[in-house]
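Shown here: upload37.pdb, PDB, C-alpha atoms, pLDDT in the B column.
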```
ATOM      1  CA  MET A   1     105.736  78.787  61.383  1.00 39.00           C
ATOM      2  CA  GLY A   2     108.931  80.637  62.183  1.00 39.00           C
ATOM      3  CA  GLU A   3     107.532  83.814  60.698  1.00 41.00           C
ATOM      4  CA  ARG A   4     104.374  83.498  62.741  1.00 40.00           C
ATOM      5  CA  MET A   5     106.428  83.241  65.928  1.00 47.00           C
ATOM      6  CA  SER A   6     108.482  86.328  65.184  1.00 50.00           C
ATOM      7  CA  ASN A   7     108.220  89.450  67.333  1.00 60.00           C
ATOM      8  CA  LEU A   8     106.660  87.563  70.205  1.00 67.00           C
ATOM      9  CA  ALA A   9     107.118  90.543  72.504  1.00 66.00           C
ATOM     10  CA  GLU A  10     104.371  92.463  70.781  1.00 72.00           C
ATOM     11  CA  GLN A  11     101.811  89.702  70.801  1.00 83.00           C
ATOM     12  CA  LEU A  12      99.106  88.067  72.816  1.00 88.00           C
ATOM     13  CA  PHE A  13      99.268  84.319  73.129  1.00 92.00           C
ATOM     14  CA  VAL A  14      95.793  82.839  72.923  1.00 95.00           C
ATOM     15  CA  MET A  15      94.670  79.346  73.902  1.00 96.00           C
ATOM     16  CA  VAL A  16      91.312  78.141  72.624  1.00 97.00           C
ATOM     17  CA  PHE A  17      89.801  75.324  74.633  1.00 97.00           C
ATOM     18  CA  GLN A  18      88.225  73.111  72.024  1.00 95.00           C
ATOM     19  CA  ARG A  19      88.290  69.307  71.816  1.00 95.00           C
ATOM     20  CA  GLU A  20      91.853  69.702  70.629  1.00 95.00           C
ATOM     21  CA  LEU A  21      93.869  72.615  71.968  1.00 97.00           C
ATOM     22  CA  SER A  22      94.131  75.521  69.561  1.00 97.00           C
ATOM     23  CA  ILE A  23      96.688  78.289  69.967  1.00 95.00           C
ATOM     24  CA  GLY A  24      97.458  81.512  68.185  1.00 93.00           C
ATOM     25  CA  LEU A  25      99.129  84.884  68.374  1.00 90.00           C
ATOM     26  CA  GLY A  26      97.421  88.230  68.042  1.00 90.00           C
ATOM     27  CA  SER A  27      98.261  91.875  68.413  1.00 88.00           C
ATOM     28  CA  LYS A  28      98.648  93.223  71.941  1.00 82.00           C
ATOM     29  CA  GLU A  29      96.378  96.033  70.856  1.00 81.00           C
ATOM     30  CA  LEU A  30      93.419  93.677  70.757  1.00 82.00           C
ATOM     31  CA  GLU A  31      91.123  94.362  73.681  1.00 76.00           C
ATOM     32  CA  ASP A  32      87.956  92.686  74.871  1.00 80.00           C
ATOM     33  CA  SER A  33      86.765  91.246  71.557  1.00 89.00           C
ATOM     34  CA  ILE A  34      88.773  89.058  69.204  1.00 94.00           C
ATOM     35  CA  ARG A  35      88.150  86.897  66.178  1.00 95.00           C
ATOM     36  CA  ILE A  36      89.588  83.402  66.261  1.00 96.00           C
ATOM     37  CA  ASP A  37      89.634  82.087  62.729  1.00 95.00           C
ATOM     38  CA  ASP A  38      86.172  83.310  61.733  1.00 91.00           C
ATOM     39  CA  VAL A  39      84.449  83.159  65.127  1.00 95.00           C
ATOM     40  CA  TYR A  40      84.040  86.138  67.471  1.00 96.00           C
ATOM     41  CA  PHE A  41      84.916  85.750  71.136  1.00 96.00           C
ATOM     42  CA  ARG A  42      84.219  88.393  73.784  1.00 94.00           C
ATOM     43  CA  SER A  43      85.543  88.898  77.275  1.00 91.00           C
ATOM     44  CA  SER A  44      83.104  89.201  80.150  1.00 77.00           C
ATOM     45  CA  GLY A  45      84.525  92.426  81.533  1.00 76.00           C
ATOM     46  CA  ASP A  46      87.413  94.827  81.708  1.00 76.00           C
ATOM     47  CA  ASN A  47      89.315  92.946  84.417  1.00 84.00           C
ATOM     48  CA  HIS A  48      92.788  92.335  82.995  1.00 85.00           C
ATOM     49  CA  LEU A  49      93.990  90.312  85.966  1.00 86.00           C
ATOM     50  CA  THR A  50      91.986  87.130  85.546  1.00 89.00           C
ATOM     51  CA  THR A  51      94.605  84.444  86.221  1.00 90.00           C
ATOM     52  CA  PHE A  52      98.138  83.858  87.411  1.00 88.00           C
ATOM     53  CA  CYS A  53      99.847  81.929  84.646  1.00 88.00           C
ATOM     54  CA  ASP A  54     103.215  80.188  85.084  1.00 88.00           C
ATOM     55  CA  ARG A  55     105.465  78.335  82.663  1.00 89.00           C
ATOM     56  CA  LEU A  56     105.813  74.569  83.061  1.00 91.00           C
ATOM     57  CA  LEU A  57     109.158  73.093  82.042  1.00 91.00           C
ATOM     58  CA  ASP A  58     110.328  69.530  81.522  1.00 91.00           C
ATOM     59  CA  SER A  59     113.505  68.084  83.004  1.00 89.00           C
ATOM     60  CA  SER A  60     115.500  69.630  80.145  1.00 91.00           C
ATOM     61  CA  GLY A  61     114.097  73.062  80.811  1.00 89.00           C
ATOM     62  CA  ARG A  62     111.886  73.077  77.770  1.00 91.00           C
ATOM     63  CA  LEU A  63     108.443  74.655  77.782  1.00 92.00           C
ATOM     64  CA  VAL A  64     105.769  71.955  78.014  1.00 94.00           C
ATOM     65  CA  GLY A  65     102.729  73.822  79.287  1.00 94.00           C
ATOM     66  CA  VAL A  66     101.341  76.487  81.565  1.00 93.00           C
ATOM     67  CA  ASN A  67      99.921  76.403  85.068  1.00 90.00           C
ATOM     68  CA  ILE A  68      96.887  78.636  85.441  1.00 91.00           C
ATOM     69  CA  THR A  69      95.498  79.812  88.785  1.00 88.00           C
ATOM     70  CA  PRO A  70      92.090  81.468  88.373  1.00 89.00           C
ATOM     71  CA  ILE A  71      91.614  84.669  90.362  1.00 86.00           C
ATOM     72  CA  SER A  72      88.397  85.892  88.785  1.00 86.00           C
ATOM     73  CA  ALA A  73      84.911  84.501  88.479  1.00 86.00           C
ATOM     74  CA  CYS A  74      85.210  84.126  84.712  1.00 89.00           C
ATOM     75  CA  ALA A  75      88.460  82.200  85.074  1.00 91.00           C
ATOM     76  CA  GLU A  76      86.849  79.964  87.697  1.00 89.00           C
ATOM     77  CA  ALA A  77      84.130  79.215  85.150  1.00 91.00           C
ATOM     78  CA  LEU A  78      86.788  78.506  82.545  1.00 94.00           C
ATOM     79  CA  MET A  79      88.479  75.988  84.826  1.00 94.00           C
ATOM     80  CA  ARG A  80      85.215  74.184  85.535  1.00 94.00           C
ATOM     81  CA  THR A  81      84.482  73.983  81.816  1.00 94.00           C
ATOM     82  CA  VAL A  82      87.841  72.745  80.534  1.00 96.00           C
ATOM     83  CA  LYS A  83      88.742  70.293  83.297  1.00 94.00           C
ATOM     84  CA  THR A  84      87.730  67.221  81.305  1.00 95.00           C
ATOM     85  CA  LEU A  85      89.766  68.043  78.211  1.00 97.00           C
ATOM     86  CA  ARG A  86      92.549  65.564  77.606  1.00 96.00           C
ATOM     87  CA  TYR A  87      95.261  68.218  77.426  1.00 97.00           C
ATOM     88  CA  VAL A  88      94.184  69.719  80.761  1.00 97.00           C
ATOM     89  CA  THR A  89      94.904  68.525  84.292  1.00 95.00           C
ATOM     90  CA  VAL A  90      93.289  70.073  87.333  1.00 92.00           C
ATOM     91  CA  ASP A  91      93.798  70.393  91.037  1.00 83.00           C
ATOM     92  CA  SER A  92      91.451  72.274  93.292  1.00 73.00           C
ATOM     93  CA  SER A  93      93.165  75.636  92.933  1.00 81.00           C
ATOM     94  CA  ALA A  94      94.727  75.597  89.479  1.00 88.00           C
ATOM     95  CA  PHE A  95      94.780  73.818  86.164  1.00 93.00           C
ATOM     96  CA  GLN A  96      97.528  72.933  83.749  1.00 94.00           C
ATOM     97  CA  VAL A  97      97.382  73.191  79.960  1.00 96.00           C
ATOM     98  CA  TRP A  98      99.844  70.899  78.233  1.00 97.00           C
ATOM     99  CA  PHE A  99     101.492  71.582  74.896  1.00 96.00           C
ATOM    100  CA  THR A 100     102.804  68.024  74.851  1.00 95.00           C
ATOM    101  CA  GLU A 101     101.052  64.978  73.429  1.00 93.00           C
ATOM    102  CA  ALA A 102     100.051  63.986  76.960  1.00 92.00           C
ATOM    103  CA  PRO A 103     100.353  65.564  80.425  1.00 91.00           C
ATOM    104  CA  LEU A 104     103.740  65.127  82.102  1.00 90.00           C
ATOM    105  CA  ARG A 105     104.201  63.940  85.668  1.00 85.00           C
ATOM    106  CA  ASP A 106     107.589  65.509  86.299  1.00 85.00           C
ATOM    107  CA  ALA A 107     107.089  69.029  84.997  1.00 89.00           C
ATOM    108  CA  GLU A 108     108.427  71.916  87.029  1.00 85.00           C
ATOM    109  CA  ASN A 109     106.682  75.190  87.618  1.00 84.00           C
ATOM    110  CA  ASN A 110     109.471  77.748  87.364  1.00 79.00           C
ATOM    111  CA  GLY A 111     107.504  80.481  89.062  1.00 78.00           C
ATOM    112  CA  GLU A 112     107.678  83.014  86.257  1.00 74.00           C
ATOM    113  CA  GLN A 113     104.262  84.451  85.943  1.00 76.00           C
ATOM    114  CA  ALA A 114     102.414  86.399  83.322  1.00 80.00           C
ATOM    115  CA  PHE A 115     100.730  89.694  84.050  1.00 77.00           C
ATOM    116  CA  GLY A 116      97.314  89.999  82.615  1.00 77.00           C
ATOM    117  CA  GLY A 117      95.040  88.527  80.041  1.00 86.00           C
ATOM    118  CA  TYR A 118      91.384  88.068  79.305  1.00 91.00           C
ATOM    119  CA  VAL A 119      88.989  85.147  79.437  1.00 93.00           C
ATOM    120  CA  PHE A 120      86.893  85.037  76.271  1.00 95.00           C
ATOM    121  CA  SER A 121      83.840  83.034  75.302  1.00 94.00           C
ATOM    122  CA  ASN A 122      81.763  82.709  72.152  1.00 95.00           C
ATOM    123  CA  ASP A 123      78.080  82.125  71.470  1.00 95.00           C
ATOM    124  CA  SER A 124      78.657  78.358  71.455  1.00 93.00           C
ATOM    125  CA  GLY A 125      80.041  78.396  74.986  1.00 92.00           C
ATOM    126  CA  GLU A 126      83.646  77.799  73.976  1.00 94.00           C
ATOM    127  CA  PHE A 127      86.340  79.528  76.015  1.00 95.00           C
ATOM    128  CA  ALA A 128      89.655  81.126  75.166  1.00 96.00           C
ATOM    129  CA  LEU A 129      92.328  82.687  77.362  1.00 95.00           C
ATOM    130  CA  SER A 130      94.828  85.337  76.331  1.00 93.00           C
ATOM    131  CA  ILE A 131      98.228  85.907  77.909  1.00 90.00           C
ATOM    132  CA  ASP A 132     100.626  88.738  77.231  1.00 83.00           C
ATOM    133  CA  ALA A 133     103.336  86.689  75.518  1.00 80.00           C
ATOM    134  CA  ASP A 134     106.267  88.906  76.375  1.00 75.00           C
ATOM    135  CA  PHE A 135     105.375  88.726  80.051  1.00 72.00           C
ATOM    136  CA  LEU A 136     105.702  84.972  80.094  1.00 80.00           C
ATOM    137  CA  PHE A 137     107.502  83.359  77.208  1.00 81.00           C
ATOM    138  CA  THR A 138     111.192  83.640  76.405  1.00 77.00           C
ATOM    139  CA  SER A 139     112.651  83.576  72.944  1.00 74.00           C
ATOM    140  CA  VAL A 140     113.736  80.002  73.638  1.00 78.00           C
ATOM    141  CA  ASP A 141     110.085  79.072  74.094  1.00 83.00           C
ATOM    142  CA  GLU A 142     109.214  80.216  70.598  1.00 79.00           C
ATOM    143  CA  ALA A 143     110.608  77.102  68.989  1.00 82.00           C
ATOM    144  CA  ARG A 144     108.802  74.919  71.496  1.00 86.00           C
ATOM    145  CA  LEU A 145     105.489  76.633  70.838  1.00 87.00           C
ATOM    146  CA  SER A 146     105.967  76.221  67.112  1.00 86.00           C
ATOM    147  CA  VAL A 147     105.948  72.438  67.568  1.00 88.00           C
ATOM    148  CA  ALA A 148     103.333  72.353  70.332  1.00 92.00           C
ATOM    149  CA  HIS A 149     100.764  69.587  70.191  1.00 94.00           C
ATOM    150  CA  ALA A 150      98.052  72.022  69.170  1.00 95.00           C
ATOM    151  CA  ARG A 151      96.296  73.452  66.168  1.00 95.00           C
ATOM    152  CA  TRP A 152      97.287  76.954  65.131  1.00 94.00           C
ATOM    153  CA  VAL A 153      94.508  79.464  64.589  1.00 95.00           C
ATOM    154  CA  VAL A 154      94.442  83.016  63.264  1.00 95.00           C
ATOM    155  CA  ILE A 155      93.762  85.746  65.832  1.00 94.00           C
ATOM    156  CA  SER A 156      92.458  89.071  64.568  1.00 92.00           C
ATOM    157  CA  ALA A 157      90.199  91.991  65.499  1.00 89.00           C
TER     158      ALA A 157
ATOM    159  CA  MET B   1      78.134  74.048  99.030  1.00 32.00           C
ATOM    160  CA  GLY B   2      76.225  76.348  96.741  1.00 34.00           C
ATOM    161  CA  ALA B   3      76.535  79.196  99.212  1.00 35.00           C
ATOM    162  CA  THR B   4      80.269  78.573  99.482  1.00 39.00           C
ATOM    163  CA  ARG B   5      80.715  78.670  95.730  1.00 39.00           C
ATOM    164  CA  GLY B   6      78.686  81.863  95.590  1.00 40.00           C
ATOM    165  CA  ALA B   7      80.807  83.477  98.255  1.00 40.00           C
ATOM    166  CA  VAL B   8      83.982  82.601  96.399  1.00 41.00           C
ATOM    167  CA  ALA B   9      82.594  83.947  93.142  1.00 41.00           C
ATOM    168  CA  ALA B  10      81.580  87.199  94.807  1.00 40.00           C
ATOM    169  CA  ARG B  11      85.007  87.591  96.369  1.00 43.00           C
ATOM    170  CA  VAL B  12      86.971  87.012  93.197  1.00 43.00           C
ATOM    171  CA  SER B  13      84.696  89.280  91.186  1.00 47.00           C
ATOM    172  CA  SER B  14      85.787  92.151  93.381  1.00 52.00           C
ATOM    173  CA  ILE B  15      89.440  91.739  92.286  1.00 68.00           C
ATOM    174  CA  GLY B  16      89.538  93.839  89.174  1.00 82.00           C
ATOM    175  CA  LEU B  17      92.559  95.510  87.624  1.00 88.00           C
ATOM    176  CA  SER B  18      92.489  97.286  84.294  1.00 88.00           C
ATOM    177  CA  LYS B  19      94.988  96.555  81.547  1.00 85.00           C
ATOM    178  CA  ALA B  20      96.938  99.717  82.399  1.00 88.00           C
ATOM    179  CA  GLU B  21      97.019  98.829  86.102  1.00 90.00           C
ATOM    180  CA  THR B  22      98.136  95.279  85.374  1.00 88.00           C
ATOM    181  CA  GLU B  23     100.966  96.450  83.127  1.00 86.00           C
ATOM    182  CA  ALA B  24     101.969  99.029  85.734  1.00 91.00           C
ATOM    183  CA  MET B  25     102.043  96.243  88.299  1.00 91.00           C
ATOM    184  CA  ARG B  26     104.517  94.352  86.134  1.00 87.00           C
ATOM    185  CA  THR B  27     106.760  97.428  85.992  1.00 89.00           C
ATOM    186  CA  PHE B  28     106.499  97.784  89.751  1.00 93.00           C
ATOM    187  CA  PHE B  29     107.657  94.221  90.367  1.00 90.00           C
ATOM    188  CA  THR B  30     110.391  94.199  87.751  1.00 87.00           C
ATOM    189  CA  LYS B  31     111.789  97.736  88.085  1.00 89.00           C
ATOM    190  CA  GLY B  32     110.480  98.933  91.434  1.00 90.00           C
ATOM    191  CA  GLU B  33     108.802 101.922  89.805  1.00 92.00           C
ATOM    192  CA  ILE B  34     105.420 102.758  91.319  1.00 92.00           C
ATOM    193  CA  GLY B  35     104.378 105.142  88.526  1.00 91.00           C
ATOM    194  CA  GLU B  36     100.691 105.899  88.701  1.00 89.00           C
ATOM    195  CA  LEU B  37      99.803 102.777  90.659  1.00 92.00           C
ATOM    196  CA  THR B  38      97.459 103.451  93.547  1.00 94.00           C
ATOM    197  CA  THR B  39      97.398 101.839  96.957  1.00 93.00           C
ATOM    198  CA  GLU B  40      93.998 100.408  96.015  1.00 92.00           C
ATOM    199  CA  ALA B  41      95.485  98.656  92.980  1.00 93.00           C
ATOM    200  CA  LEU B  42      98.339  97.263  95.059  1.00 94.00           C
ATOM    201  CA  LEU B  43      95.890  95.938  97.628  1.00 92.00           C
ATOM    202  CA  LYS B  44      93.753  94.366  94.899  1.00 90.00           C
ATOM    203  CA  TYR B  45      96.785  92.558  93.523  1.00 90.00           C
ATOM    204  CA  ARG B  46      97.819  91.509  97.016  1.00 91.00           C
ATOM    205  CA  ALA B  47      94.348  90.102  97.669  1.00 88.00           C
ATOM    206  CA  ALA B  48      94.523  88.085  94.446  1.00 86.00           C
ATOM    207  CA  ALA B  49      97.961  86.737  95.357  1.00 86.00           C
ATOM    208  CA  VAL B  50      96.836  85.754  98.833  1.00 86.00           C
ATOM    209  CA  ARG B  51      93.826  84.006  97.394  1.00 80.00           C
ATOM    210  CA  ALA B  52      96.027  82.073  94.974  1.00 80.00           C
ATOM    211  CA  LEU B  53      98.131  80.893  97.898  1.00 79.00           C
ATOM    212  CA  ALA B  54      95.186  79.909 100.074  1.00 70.00           C
ATOM    213  CA  PRO B  55      95.199  76.238 101.041  1.00 60.00           C
ATOM    214  CA  THR B  56      92.395  74.566  99.140  1.00 55.00           C
ATOM    215  CA  GLY B  57      93.433  70.956  99.305  1.00 46.00           C
ATOM    216  CA  GLY B  58      95.161  71.102  95.962  1.00 46.00           C
ATOM    217  CA  LYS B  59      98.822  71.618  95.254  1.00 49.00           C
ATOM    218  CA  ARG B  60     100.825  73.374  92.625  1.00 49.00           C
ATOM    219  CA  VAL B  61     103.169  71.488  90.348  1.00 51.00           C
ATOM    220  CA  SER B  62     106.105  72.859  92.345  1.00 57.00           C
ATOM    221  CA  GLU B  63     106.928  75.425  94.994  1.00 73.00           C
ATOM    222  CA  ALA B  64     108.373  77.995  92.597  1.00 75.00           C
ATOM    223  CA  GLY B  65     105.091  79.687  91.842  1.00 75.00           C
ATOM    224  CA  ILE B  66     104.317  79.933  95.530  1.00 80.00           C
ATOM    225  CA  LEU B  67     107.695  81.491  96.227  1.00 85.00           C
ATOM    226  CA  GLU B  68     107.245  84.084  93.508  1.00 84.00           C
ATOM    227  CA  GLN B  69     103.768  84.971  94.713  1.00 85.00           C
ATOM    228  CA  THR B  70     105.019  85.247  98.279  1.00 89.00           C
ATOM    229  CA  ARG B  71     107.844  87.506  97.090  1.00 91.00           C
ATOM    230  CA  ARG B  72     105.386  89.812  95.406  1.00 91.00           C
ATOM    231  CA  ILE B  73     103.236  90.051  98.516  1.00 93.00           C
ATOM    232  CA  LYS B  74     106.347  90.957 100.488  1.00 93.00           C
ATOM    233  CA  VAL B  75     107.308  93.629  97.942  1.00 94.00           C
ATOM    234  CA  ILE B  76     103.867  95.208  98.252  1.00 95.00           C
ATOM    235  CA  ASP B  77     103.931  95.045 102.043  1.00 94.00           C
ATOM    236  CA  GLU B  78     107.369  96.606 102.217  1.00 93.00           C
ATOM    237  CA  PHE B  79     106.311  99.386  99.873  1.00 93.00           C
ATOM    238  CA  LEU B  80     103.113 100.105 101.772  1.00 91.00           C
ATOM    239  CA  GLY B  81     104.992  99.869 105.051  1.00 89.00           C
ATOM    240  CA  ARG B  82     107.275 102.657 103.924  1.00 64.00           C
ATOM    241  CA  GLY B  83     104.227 104.807 103.302  1.00 51.00           C
ATOM    242  CA  LYS B  84     103.128 105.984  99.901  1.00 48.00           C
TER     243      LYS B  84
END
```

Transcribe the structure of this file into structure tokens.
Amino acid sequence: MGERMSNLAEQLFVMVFQRELSIGLGSKELEDSIRIDDVYFRSSGDNHLTTFCDRLLDSSGRLVGVNITPISACAEALMRTVKTLRYVTVDSSAFQVWFTEAPLRDAENNGEQAFGGYVFSNDSGEFALSIDADFLFTSVDEARLSVAHARWVVISA
Amino acid sequence: MGATRGAVAARVSSIGLSKAETEAMRTFFTKGEIGELTTEALLKYRAAAVRALAPTGGKRVSEAGILEQTRRIKVIDEFLGRGK
């Protein structure tokens, strides 16, 4: 796992919104089409500013999730689709994806926000969201992500 | 309600920044370098930030995200106010 988390600065962090949260890292060179394990996902356009994505920290300052504010139609659709998943909480303008076993009540949004990412979907109607990892996550977060309550998947072209 | 949802969808669809523009925006906010960013791109980002701050009845997990978004709007306004 440690090897997979190396060189985070050059990677995309991808969340796949299945019954259980899946996460993975892929090359920043990947564009509007990616393969997640053996399934192809495509983005709905070339808009690279689809969401504002902030880190959520617990009372010890550890990464526990991300707060995602949709600012594109495809991200609005994503929010409507994933709102019932057990690792997602929603308010009317944003949703939170939790890397913990259950959502936390006392998490803090630290205001650091990612720049860019794509919303992907596949032929089965599943969604994924990419985030430029170096824009959002610190090296300290790497260890937290490696033990996130999520299944790791392989991201490739 | 359907018309309202449609209007929102149409509005957000118009906020489009390419990968290069989005990465340039990051450089602008972190280093103050405008590079090849256009006024149009700045205004698109500003519109997205304003929309994210719009009162919708929901609330963010804390105020920090709001403060950062507000800061970015101010940075854009100050830059545009100086004239590009």

Could you list, as an mmCIF file with C-alpha atoms, keeping the file's coordinate frame, every residue within 8 Å of Ala107 (chain A), counting all atoms listed in the file and ignoring same-chain residues fewer than 4 positions away?
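Wrote out_1.cif, looks like this:
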```cif
data_model
loop_
_atom_site.group_PDB
_atom_site.id
_atom_site.type_symbol
_atom_site.label_atom_id
_atom_site.label_comp_id
_atom_site.auth_asym_id
_atom_site.auth_seq_id
_atom_site.Cartn_x
_atom_site.Cartn_y
_atom_site.Cartn_z
ATOM 1 C CA LEU A 56 105.813 74.569 83.061
ATOM 2 C CA LEU A 57 109.158 73.093 82.042
ATOM 3 C CA ASP A 58 110.328 69.530 81.522
ATOM 4 C CA SER A 59 113.505 68.084 83.004
ATOM 5 C CA VAL A 64 105.769 71.955 78.014
ATOM 6 C CA VAL B 61 103.169 71.488 90.348
#
```

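Of the residues listed (A:Glu126, A:Asp46, A:Glu29, A:Glu10), A:Asp46 shows the shortest atom-to-atom separation from chain B; distances use all atoms listed in the file.
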
(message) Given all atoms listed in the file as the basis, pick out the residue of B:Ala47, B:Ala64, B:Thr38, B:Thr30 nearest to chain A.
(response) B:Ala64

(request) Can you work out the spacing between CA of Arg62 (chain A) and CA of Glu142 (chain A) in Å, to one decimal? (result)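 Rounded to one decimal, the two atoms are 10.5 Å apart.
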
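When the distance limit is 12 Å and all atoms listed in the file are what count, the residues near Ser27 (chain A), minus those fewer than 3 positions from it on the same chain, are A:Arg4, A:Asn7, A:Leu8, A:Ala9, A:Glu10, A:Gln11, A:Leu12, A:Phe13, A:Val14, A:Gly24, A:Leu30, A:Glu31, A:Ser33, A:Ile34, A:Arg35, A:Ser130, A:Ile131, A:Asp132, A:Ala133, A:Asp134, A:Val154, A:Ile155, A:Ser156, A:Ala157.
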
How about saving the chosen residues, C-alpha atoms kept, as a PDB file, in the frame of the given file?
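Wrote it out as result_36.pdb, contents follow:
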```pdb
ATOM      1  CA  ARG A   4     104.374  83.498  62.741  1.00 40.00           C
ATOM      2  CA  ASN A   7     108.220  89.450  67.333  1.00 60.00           C
ATOM      3  CA  LEU A   8     106.660  87.563  70.205  1.00 67.00           C
ATOM      4  CA  ALA A   9     107.118  90.543  72.504  1.00 66.00           C
ATOM      5  CA  GLU A  10     104.371  92.463  70.781  1.00 72.00           C
ATOM      6  CA  GLN A  11     101.811  89.702  70.801  1.00 83.00           C
ATOM      7  CA  LEU A  12      99.106  88.067  72.816  1.00 88.00           C
ATOM      8  CA  PHE A  13      99.268  84.319  73.129  1.00 92.00           C
ATOM      9  CA  VAL A  14      95.793  82.839  72.923  1.00 95.00           C
ATOM     10  CA  GLY A  24      97.458  81.512  68.185  1.00 93.00           C
ATOM     11  CA  LEU A  30      93.419  93.677  70.757  1.00 82.00           C
ATOM     12  CA  GLU A  31      91.123  94.362  73.681  1.00 76.00           C
ATOM     13  CA  SER A  33      86.765  91.246  71.557  1.00 89.00           C
ATOM     14  CA  ILE A  34      88.773  89.058  69.204  1.00 94.00           C
ATOM     15  CA  ARG A  35      88.150  86.897  66.178  1.00 95.00           C
ATOM     16  CA  SER A 130      94.828  85.337  76.331  1.00 93.00           C
ATOM     17  CA  ILE A 131      98.228  85.907  77.909  1.00 90.00           C
ATOM     18  CA  ASP A 132     100.626  88.738  77.231  1.00 83.00           C
ATOM     19  CA  ALA A 133     103.336  86.689  75.518  1.00 80.00           C
ATOM     20  CA  ASP A 134     106.267  88.906  76.375  1.00 75.00           C
ATOM     21  CA  VAL A 154      94.442  83.016  63.264  1.00 95.00           C
ATOM     22  CA  ILE A 155      93.762  85.746  65.832  1.00 94.00           C
ATOM     23  CA  SER A 156      92.458  89.071  64.568  1.00 92.00           C
ATOM     24  CA  ALA A 157      90.199  91.991  65.499  1.00 89.00           C
TER      25      ALA A 157
END
```

(message) Can you measure CA of Arg51 (chain B) to CA of Ser93 (chain A) for me? One decimal in Å is fine.
(response)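 CA of Ser93 (chain A) lies at a distance of 9.5 Å from CA of Arg51 (chain B).
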
(message) When the PyMOL selection byres ((chain B and resi 73) around 9) is applied to the structure above, which residues does it catch, written out as a VMD selection string?
(response) chain B and resid 45 to 47 49 to 50 68 to 72 74 to 78

Those same residues - C-alpha atoms - I'd like them written as a short mmCIF file (atom, residue, chain, number, x, y, z; two decimals), in the frame of the given file.
```
data_model
loop_
_atom_site.label_atom_id
_atom_site.label_comp_id
_atom_site.auth_asym_id
_atom_site.auth_seq_id
_atom_site.Cartn_x
_atom_site.Cartn_y
_atom_site.Cartn_z
CA TYR B 45 96.78 92.56 93.52
CA ARG B 46 97.82 91.51 97.02
CA ALA B 47 94.35 90.10 97.67
CA ALA B 49 97.96 86.74 95.36
CA VAL B 50 96.84 85.75 98.83
CA GLU B 68 107.24 84.08 93.51
CA GLN B 69 103.77 84.97 94.71
CA THR B 70 105.02 85.25 98.28
CA ARG B 71 107.84 87.51 97.09
CA ARG B 72 105.39 89.81 95.41
CA LYS B 74 106.35 90.96 100.49
CA VAL B 75 107.31 93.63 97.94
CA ILE B 76 103.87 95.21 98.25
CA ASP B 77 103.93 95.04 102.04
CA GLU B 78 107.37 96.61 102.22
#
```

(request) Go through A:Val82, A:Leu129, A:Ile36, A:Val90 one by one, measure the shortest atom-to-atom distance of each to chain B using only C-alpha atoms, and give the residue with the smallest value. (result)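 Nearest candidate to chain B out of A:Val82, A:Leu129, A:Ile36, A:Val90: A:Val90.
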
(message) Can you measure CA of Ala128 (chain A) to CA of Met15 (chain A) for me? One decimal in Å is fine.
(response) 5.5 Å

(message) Please find the residues of chain A near chain B - the criterion being any atom within 10 Å, counting only C-alpha atoms - and write them as an NGL selection string.
(response) :A and (31 or 45-56 or 67-77 or 90-96 or 105-118 or 132 or 135)

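The shortest atom-to-atom distance to Val39 (chain A), with only C-alpha atoms taken into account, belongs to A:Ser124 out of A:Ser124, A:Ser139, A:Ser146, A:Thr89.
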
(request) Run the PyMOL selection byres ((chain A and resi 42) around 7) mentally over the shown coordinates, then write out the matched residues as a PyMOL selection string, using the chain letters and numbers from the document. (result) chain A and resi 32-34+40-41+43-44+120-122

(message) Starting from the PyMOL selection byres ((chain A and resi 147) around 12), expand the selection into actual residues of this file and give them as a PyMOL selection string.
(response) chain A and resi 1-2+5+23+62-64+99-101+141-146+148-152

(message) So, with all atoms listed in the file as the atoms that count, which of A:Leu104, A:Val119, A:Val66, A:Val97 lies closest to Leu78 (chain A)?
(response) A:Val119
